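Printed here is data_32.pdb (PDB, C-alpha atoms):
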```pdb
ATOM      1  CA  MET A   1       0.000   0.000   0.000
ATOM      2  CA  LYS A   2       1.375   3.420  -0.991
ATOM      3  CA  HIS A   3       2.297   5.653   1.932
ATOM      4  CA  ILE A   4       0.805   9.140   1.671
ATOM      5  CA  ALA A   5       3.206  11.894   2.773
ATOM      6  CA  ARG A   6       1.988  13.602   5.952
ATOM      7  CA  LYS A   7       2.223  17.388   5.964
ATOM      8  CA  ARG A   8       2.359  17.607   9.786
ATOM      9  CA  PHE A   9       5.590  15.565   9.721
ATOM     10  CA  GLY A  10       7.026  17.658   6.878
ATOM     11  CA  GLN A  11       7.388  14.526   4.736
ATOM     12  CA  HIS A  12       8.984  14.770   1.275
ATOM     13  CA  PHE A  13      10.311  11.416   0.084
ATOM     14  CA  LEU A  14      13.531  11.242  -1.921
ATOM     15  CA  THR A  15      13.005   9.326  -5.186
ATOM     16  CA  ASP A  16      15.885  10.347  -7.504
ATOM     17  CA  GLY A  17      18.265   7.375  -7.816
ATOM     18  CA  GLY A  18      21.201   9.490  -9.017
ATOM     19  CA  ILE A  19      20.879  11.896  -6.077
ATOM     20  CA  ILE A  20      20.531   8.992  -3.631
ATOM     21  CA  ASP A  21      23.790   7.459  -4.952
ATOM     22  CA  ALA A  22      25.556  10.825  -4.705
ATOM     23  CA  ILE A  23      24.429  11.299  -1.072
ATOM     24  CA  VAL A  24      25.549   7.795  -0.076
ATOM     25  CA  ASP A  25      28.918   8.402  -1.782
ATOM     26  CA  ALA A  26      29.275  11.682   0.167
ATOM     27  CA  ILE A  27      28.516   9.881   3.441
ATOM     28  CA  ALA A  28      30.934   7.038   2.508
ATOM     29  CA  PRO A  29      29.615   4.440   4.983
ATOM     30  CA  VAL A  30      31.998   1.622   5.973
ATOM     31  CA  ALA A  31      30.938  -1.820   7.224
ATOM     32  CA  GLY A  32      30.755  -2.002  11.000
ATOM     33  CA  GLN A  33      30.398   1.735  11.633
ATOM     34  CA  SER A  34      27.700   2.859  14.077
ATOM     35  CA  MET A  35      25.277   5.080  12.185
ATOM     36  CA  VAL A  36      21.914   6.607  13.029
ATOM     37  CA  GLU A  37      19.492   7.819  10.344
ATOM     38  CA  ILE A  38      16.901  10.437  11.277
ATOM     39  CA  GLY A  39      13.581  10.159   9.422
ATOM     40  CA  PRO A  40      14.247   7.225   7.066
ATOM     41  CA  GLY A  41      10.781   7.529   5.516
ATOM     42  CA  LEU A  42      10.387   5.031   2.673
ATOM     43  CA  ALA A  43      14.010   3.826   3.114
ATOM     44  CA  ALA A  44      15.392   5.436  -0.071
ATOM     45  CA  LEU A  45      18.678   6.217   1.713
ATOM     46  CA  THR A  46      18.272   3.511   4.345
ATOM     47  CA  GLN A  47      18.638   0.548   2.012
ATOM     48  CA  PRO A  48      21.885   1.582   0.254
ATOM     49  CA  LEU A  49      23.328   2.650   3.632
ATOM     50  CA  VAL A  50      22.521  -0.614   5.384
ATOM     51  CA  GLU A  51      23.901  -2.601   2.437
ATOM     52  CA  ARG A  52      27.298  -0.995   3.065
ATOM     53  CA  LEU A  53      27.119  -0.876   6.864
ATOM     54  CA  GLY A  54      25.585  -4.249   7.682
ATOM     55  CA  HIS A  55      23.383  -2.686  10.382
ATOM     56  CA  LEU A  56      21.732   0.706  10.862
ATOM     57  CA  SER A  57      19.715   2.390  13.624
ATOM     58  CA  VAL A  58      16.845   4.598  12.465
ATOM     59  CA  ILE A  59      14.652   7.180  14.226
ATOM     60  CA  GLU A  60      11.123   7.423  12.809
ATOM     61  CA  LEU A  61       8.136   9.265  14.296
ATOM     62  CA  ASP A  62       5.505   8.046  11.806
ATOM     63  CA  ARG A  63       3.957   4.906  13.324
ATOM     64  CA  ASP A  64       3.065   3.321   9.958
ATOM     65  CA  LEU A  65       6.564   3.811   8.580
ATOM     66  CA  ALA A  66       8.171   2.545  11.804
ATOM     67  CA  LEU A  67       6.061  -0.627  11.501
ATOM     68  CA  ARG A  68       7.368  -1.220   7.962
ATOM     69  CA  LEU A  69      10.960  -0.526   8.970
ATOM     70  CA  ARG A  70      10.793  -3.073  11.818
ATOM     71  CA  GLU A  71      10.329  -5.803   9.210
ATOM     72  CA  HIS A  72      13.892  -5.162   7.963
ATOM     73  CA  PRO A  73      16.275  -7.572   9.745
ATOM     74  CA  GLN A  74      19.273  -5.197   9.635
ATOM     75  CA  LEU A  75      17.528  -2.183  11.196
ATOM     76  CA  SER A  76      17.071  -1.132  14.820
ATOM     77  CA  VAL A  77      14.055   1.178  14.948
ATOM     78  CA  VAL A  78      13.599   3.958  17.505
ATOM     79  CA  GLU A  79       9.985   5.141  17.186
ATOM     80  CA  SER A  80      10.211   8.648  18.580
ATOM     81  CA  ASP A  81      10.316  12.358  17.993
ATOM     82  CA  VAL A  82      14.034  12.967  17.302
ATOM     83  CA  LEU A  83      13.976  15.988  19.655
ATOM     84  CA  LYS A  84      13.295  13.572  22.529
ATOM     85  CA  VAL A  85      16.056  11.103  21.627
ATOM     86  CA  ASP A  86      19.066  10.882  23.958
ATOM     87  CA  PHE A  87      21.923  10.363  21.489
ATOM     88  CA  ARG A  88      24.411   9.691  24.294
ATOM     89  CA  ALA A  89      22.263   6.796  25.510
ATOM     90  CA  LEU A  90      21.826   5.606  21.911
ATOM     91  CA  ALA A  91      25.598   5.647  21.378
ATOM     92  CA  ALA A  92      26.123   3.645  24.575
ATOM     93  CA  GLN A  93      23.674   0.988  23.346
ATOM     94  CA  MET A  94      25.471   0.481  20.042
ATOM     95  CA  LEU A  95      28.039  -2.147  21.007
ATOM     96  CA  ASP A  96      31.149  -3.062  19.086
ATOM     97  CA  LYS A  97      30.312  -6.610  17.985
ATOM     98  CA  ALA A  98      33.935  -7.766  18.337
ATOM     99  CA  THR A  99      34.680  -6.419  21.824
ATOM    100  CA  ALA A 100      31.179  -5.765  23.229
ATOM    101  CA  ALA A 101      32.555  -2.375  24.317
ATOM    102  CA  PRO A 102      30.508   0.755  23.578
ATOM    103  CA  LEU A 103      31.689   2.596  20.490
ATOM    104  CA  ARG A 104      32.872   6.092  21.286
ATOM    105  CA  LYS A 105      31.262   8.016  18.428
ATOM    106  CA  ILE A 106      28.274   7.605  16.140
ATOM    107  CA  ARG A 107      27.675   8.963  12.641
ATOM    108  CA  VAL A 108      24.323  10.719  12.083
ATOM    109  CA  VAL A 109      22.577  11.170   8.730
ATOM    110  CA  GLY A 110      19.132  12.114   7.505
ATOM    111  CA  ASN A 111      16.711  13.982   5.307
ATOM    112  CA  LEU A 112      15.554  16.371   8.049
ATOM    113  CA  PRO A 113      11.965  17.683   8.164
ATOM    114  CA  TYR A 114      12.283  21.302   7.042
ATOM    115  CA  ASN A 115       9.810  22.564   9.630
ATOM    116  CA  ILE A 116      12.015  21.500  12.586
ATOM    117  CA  SER A 117      15.499  21.320  11.049
ATOM    118  CA  THR A 118      17.013  24.091  13.213
ATOM    119  CA  PRO A 119      15.765  22.633  16.550
ATOM    120  CA  ILE A 120      17.224  19.253  15.498
ATOM    121  CA  LEU A 121      20.609  20.854  14.757
ATOM    122  CA  PHE A 122      20.663  22.483  18.219
ATOM    123  CA  HIS A 123      19.495  19.248  19.892
ATOM    124  CA  LEU A 124      22.481  17.451  18.348
ATOM    125  CA  LEU A 125      24.852  20.319  19.149
ATOM    126  CA  ALA A 126      24.127  19.727  22.849
ATOM    127  CA  GLN A 127      25.254  16.074  22.431
ATOM    128  CA  VAL A 128      28.091  16.595  19.946
ATOM    129  CA  ASP A 129      30.626  14.816  22.182
ATOM    130  CA  VAL A 130      29.318  11.405  21.007
ATOM    131  CA  ILE A 131      29.121  12.309  17.303
ATOM    132  CA  GLU A 132      31.797  11.586  14.692
ATOM    133  CA  ASP A 133      30.104  13.449  11.841
ATOM    134  CA  GLN A 134      26.700  14.469  10.443
ATOM    135  CA  HIS A 135      25.348  14.507   6.888
ATOM    136  CA  PHE A 136      21.950  16.139   6.479
ATOM    137  CA  MET A 137      19.688  17.090   3.620
ATOM    138  CA  LEU A 138      18.094  20.435   4.426
ATOM    139  CA  GLN A 139      16.515  23.423   2.787
ATOM    140  CA  LYS A 140      19.316  25.026   0.756
ATOM    141  CA  GLU A 141      18.767  28.453   2.305
ATOM    142  CA  VAL A 142      19.308  26.958   5.782
ATOM    143  CA  ILE A 143      22.617  25.418   4.681
ATOM    144  CA  ASP A 144      23.605  28.752   3.088
ATOM    145  CA  ARG A 145      23.171  30.322   6.548
ATOM    146  CA  MET A 146      25.023  27.497   8.299
ATOM    147  CA  VAL A 147      28.170  27.858   6.186
ATOM    148  CA  ALA A 148      27.991  31.655   5.602
ATOM    149  CA  GLN A 149      31.034  33.857   6.119
ATOM    150  CA  PRO A 150      30.977  37.222   7.986
ATOM    151  CA  SER A 151      29.873  40.349   6.081
ATOM    152  CA  THR A 152      27.419  38.394   3.919
ATOM    153  CA  SER A 153      23.614  38.555   4.045
ATOM    154  CA  ASP A 154      23.375  34.855   5.052
ATOM    155  CA  TYR A 155      25.690  35.210   8.079
ATOM    156  CA  SER A 156      23.490  34.823  11.154
ATOM    157  CA  ARG A 157      23.063  33.449  14.658
ATOM    158  CA  LEU A 158      22.899  29.954  13.129
ATOM    159  CA  SER A 159      26.262  30.482  11.357
ATOM    160  CA  VAL A 160      28.009  31.436  14.596
ATOM    161  CA  MET A 161      26.397  28.823  16.850
ATOM    162  CA  LEU A 162      27.338  25.961  14.515
ATOM    163  CA  GLN A 163      30.694  27.167  13.178
ATOM    164  CA  TRP A 164      32.239  27.498  16.649
ATOM    165  CA  ARG A 165      31.805  23.714  17.000
ATOM    166  CA  TYR A 166      31.766  22.217  13.475
ATOM    167  CA  ASP A 167      33.711  22.317  10.255
ATOM    168  CA  MET A 168      30.920  22.430   7.634
ATOM    169  CA  ALA A 169      30.605  22.185   3.863
ATOM    170  CA  ASN A 170      27.721  22.245   1.382
ATOM    171  CA  VAL A 171      28.452  19.040  -0.553
ATOM    172  CA  LEU A 172      25.480  18.572  -2.905
ATOM    173  CA  PHE A 173      22.597  20.501  -4.508
ATOM    174  CA  VAL A 174      19.227  18.684  -4.603
ATOM    175  CA  PRO A 175      16.413  20.069  -6.828
ATOM    176  CA  PRO A 176      12.696  19.827  -5.862
ATOM    177  CA  LYS A 177      12.013  17.257  -8.622
ATOM    178  CA  SER A 178      14.126  14.729  -6.662
ATOM    179  CA  PHE A 179      11.258  14.347  -4.152
ATOM    180  CA  ASP A 180       7.682  13.080  -4.011
ATOM    181  CA  PRO A 181       5.854  15.334  -3.335
ATOM    182  CA  PRO A 182       8.289  18.021  -4.563
ATOM    183  CA  PRO A 183       8.914  20.752  -1.953
ATOM    184  CA  ARG A 184       8.596  24.408  -2.970
ATOM    185  CA  VAL A 185      12.247  25.035  -2.133
ATOM    186  CA  ASP A 186      15.691  23.888  -3.250
ATOM    187  CA  SER A 187      17.526  21.443  -0.995
ATOM    188  CA  ALA A 188      21.167  20.624  -0.355
ATOM    189  CA  VAL A 189      23.325  18.237   1.650
ATOM    190  CA  VAL A 190      25.662  19.520   4.365
ATOM    191  CA  ARG A 191      28.623  17.735   5.932
ATOM    192  CA  MET A 192      29.244  18.653   9.588
ATOM    193  CA  VAL A 193      32.416  17.428  11.302
ATOM    194  CA  PRO A 194      32.841  18.356  14.981
ATOM    195  CA  LEU A 195      36.113  20.221  15.591
ATOM    196  CA  ALA A 196      38.692  18.010  17.285
ATOM    197  CA  GLN A 197      39.776  20.825  19.630
ATOM    198  CA  PRO A 198      36.882  23.289  19.954
ATOM    199  CA  PRO A 199      37.414  26.456  21.986
ATOM    200  CA  ASP A 200      36.503  26.090  25.656
ATOM    201  CA  VAL A 201      33.483  28.334  26.097
ATOM    202  CA  ASP A 202      30.304  28.434  28.175
ATOM    203  CA  VAL A 203      27.694  27.576  25.545
ATOM    204  CA  LYS A 204      24.824  29.344  27.343
ATOM    205  CA  THR A 205      26.840  32.575  27.511
ATOM    206  CA  LEU A 206      27.766  32.328  23.821
ATOM    207  CA  GLU A 207      24.153  31.535  22.903
ATOM    208  CA  THR A 208      22.764  34.535  24.815
ATOM    209  CA  LEU A 209      25.457  36.889  23.549
ATOM    210  CA  VAL A 210      24.914  35.895  19.905
ATOM    211  CA  GLN A 211      21.124  36.080  20.268
ATOM    212  CA  VAL A 212      21.376  39.633  21.643
ATOM    213  CA  ALA A 213      23.844  40.635  18.893
ATOM    214  CA  PHE A 214      21.600  39.416  16.057
ATOM    215  CA  SER A 215      18.306  40.544  17.655
ATOM    216  CA  GLN A 216      18.415  43.696  15.501
ATOM    217  CA  ARG A 217      20.946  42.760  12.851
ATOM    218  CA  ARG A 218      20.613  46.031  10.916
ATOM    219  CA  LYS A 219      21.589  48.093  13.957
ATOM    220  CA  ILE A 220      25.078  48.914  15.223
ATOM    221  CA  LEU A 221      26.018  46.597  18.105
ATOM    222  CA  ARG A 222      26.302  49.558  20.483
ATOM    223  CA  ASN A 223      22.480  49.573  20.626
ATOM    224  CA  THR A 224      22.096  45.870  21.436
ATOM    225  CA  LEU A 225      25.186  43.952  22.521
ATOM    226  CA  GLY A 226      26.823  47.115  23.894
ATOM    227  CA  LYS A 227      24.001  47.606  26.401
ATOM    228  CA  TRP A 228      24.100  43.915  27.354
ATOM    229  CA  LEU A 229      27.868  44.091  27.961
ATOM    230  CA  ASP A 230      27.409  47.208  30.114
ATOM    231  CA  GLU A 231      24.832  45.356  32.231
ATOM    232  CA  LYS A 232      27.352  42.539  32.684
ATOM    233  CA  GLY A 233      29.981  45.038  33.846
ATOM    234  CA  PHE A 234      32.289  44.054  30.977
ATOM    235  CA  GLY A 235      35.323  46.337  30.894
ATOM    236  CA  GLY A 236      37.308  44.677  28.110
ATOM    237  CA  ALA A 237      37.885  45.786  24.539
ATOM    238  CA  PHE A 238      35.250  44.951  21.904
ATOM    239  CA  ASP A 239      34.321  47.086  18.906
ATOM    240  CA  VAL A 240      30.564  47.741  19.146
ATOM    241  CA  GLN A 241      30.647  50.182  16.220
ATOM    242  CA  ARG A 242      29.867  47.244  13.878
ATOM    243  CA  ARG A 243      26.835  45.241  12.907
ATOM    244  CA  ALA A 244      26.554  41.656  14.173
ATOM    245  CA  GLU A 245      27.085  40.263  10.665
ATOM    246  CA  GLU A 246      30.560  41.872  10.562
ATOM    247  CA  VAL A 247      31.902  40.024  13.618
ATOM    248  CA  PRO A 248      33.808  36.753  12.920
ATOM    249  CA  VAL A 249      32.937  33.607  14.871
ATOM    250  CA  ALA A 250      36.283  33.645  16.699
ATOM    251  CA  GLU A 251      35.568  37.145  18.062
ATOM    252  CA  PHE A 252      32.139  36.144  19.388
ATOM    253  CA  VAL A 253      33.758  33.103  21.079
ATOM    254  CA  ALA A 254      36.575  35.226  22.569
ATOM    255  CA  LEU A 255      34.012  37.729  23.898
ATOM    256  CA  ALA A 256      31.953  34.933  25.505
ATOM    257  CA  GLN A 257      35.126  33.625  27.159
ATOM    258  CA  ALA A 258      36.000  37.118  28.445
ATOM    259  CA  VAL A 259      32.490  37.749  29.787
TER     260      VAL A 259
END
```
Give the structure from the file, written as structure tokens.
Amino acid sequence: MKHIARKRFGQHFLTDGGIIDAIVDAIAPVAGQSMVEIGPGLAALTQPLVERLGHLSVIELDRDLALRLREHPQLSVVESDVLKVDFRALAAQMLDKATAAPLRKIRVVGNLPYNISTPILFHLLAQVDVIEDQHFMLQKEVIDRMVAQPSTSDYSRLSVMLQWRYDMANVLFVPPKSFDPPPRVDSAVVRMVPLAQPPDVDVKTLETLVQVAFSQRRKILRNTLGKWLDEKGFGGAFDVQRRAEEVPVAEFVALAQAV
């Protein structure tokens, strides 16, 4: 029976064989690796991945799809909202078959629902210590913001909050016709590799600071971040005669460390 895409889950199923092959090649799965796929849907990516890996864990919210996926002998199915999944606990469960010792890091992939893609990225950011890398298909404009450089229109809070922790690259363009039903936007695939030695910073402080800075991105920082720094009693040097989009990631991180 044909599965009808559910709008409330943001479902758009990948059907283009050439694009599927290109995504799997970009992920480059190796037999025995611990991998988790978010939102496998109709298993377009799932099947070629599991053929290379031998086993794959999948997270699926749609009850009907989860039921189908459970019939596959090489899949472990977590039927849940991904925002409620504890990836540290999931990593601990995925045992090395040879030694029965928990594997240190997991690889995460998926065609993320566009309506909750940013919350998913932040949910994973909070658990990045157990993640080796991430490959996600997202709305192209979201990926443009993720990888944007300072002094560009796409540079944003999302750019800063992800770039301080990941090395990221847009690896593949995916047109709407690659899906059923086709979305109204272009898509792309991003590769996210956690930095081996990230700067030591209080994430909550960085998050608040960046949120304040970009709250009125057209205004000079003196009017937003400057006031916030004054309230904190910050006496260090920081040029507030700029807009938020002109400040490099490293400077935001250094300011959070100083505060």
**OP:** Find the residue from A:Phe87, A:Phe173, A:Phe214, A:Tyr166 that sits nearest to Arg243 (chain A); use all atoms listed in the file when measuring.
**Re:** A:Phe214
**OP:** Given the file shown, determine the residues that the PyMOL selection byres ((chain A and resi 202-212) around 12) selects; report them as a PyMOL selection string.
**Re:** chain A and resi 122+125-126+155-162+164-165+198-201+213-217+219-229+232+243-245+247-259
**OP:** Expand the PyMOL selection byres ((chain A and resi 175) around 9) into the individual residues it matches in the shown file, reporting them as a PyMOL selection string.
**Re:** chain A and resi 173-174+176-179+182-183+185-188
**OP:** In the coordinate frame of the file, compute which residues have an atom within 6 Å of (12.4, 7.1, 1.5) when using all atoms listed in the file, and state them as a ChimeraX atom specification.
**Re:** /A:13-14,40-44
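Atom to atom, CA of Met94 (chain A) and CA of Val109 (chain A) stand 15.8 Å apart.
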Original post:
Around (11.5, 19.1, 5.0) in the file's own coordinates, what residues are found within 8 Å if you use only C-alpha atoms, given back as a count of residues only?
Top reply: 13
Pull out every residue that the PyMOL selection byres ((chain A and resi 24) around 10) matches in the shown coordinates and put them as a compact mmCIF listing (two decimals) with C-alpha atoms, in the frame of the given file.
```txt
# COMPACT_ATOMS: atom_id res chain seq x y z
CA ILE A 19 20.88 11.90 -6.08
CA ILE A 20 20.53 8.99 -3.63
CA ASP A 21 23.79 7.46 -4.95
CA ALA A 22 25.56 10.82 -4.70
CA ILE A 23 24.43 11.30 -1.07
CA ASP A 25 28.92 8.40 -1.78
CA ALA A 26 29.28 11.68 0.17
CA ILE A 27 28.52 9.88 3.44
CA ALA A 28 30.93 7.04 2.51
CA PRO A 29 29.62 4.44 4.98
CA LEU A 45 18.68 6.22 1.71
CA THR A 46 18.27 3.51 4.34
CA PRO A 48 21.88 1.58 0.25
CA LEU A 49 23.33 2.65 3.63
CA ARG A 52 27.30 -1.00 3.06
CA VAL A 109 22.58 11.17 8.73
CA HIS A 135 25.35 14.51 6.89
```
Original post:
Neighbours of region 64-72 of chain A within 10 Å (only C-alpha atoms; same-chain residues fewer than 3 positions away dropped), as an MDAnalysis selection string?
Top reply: chainID A and resid 3 39:43 46:47 58:61 75:80
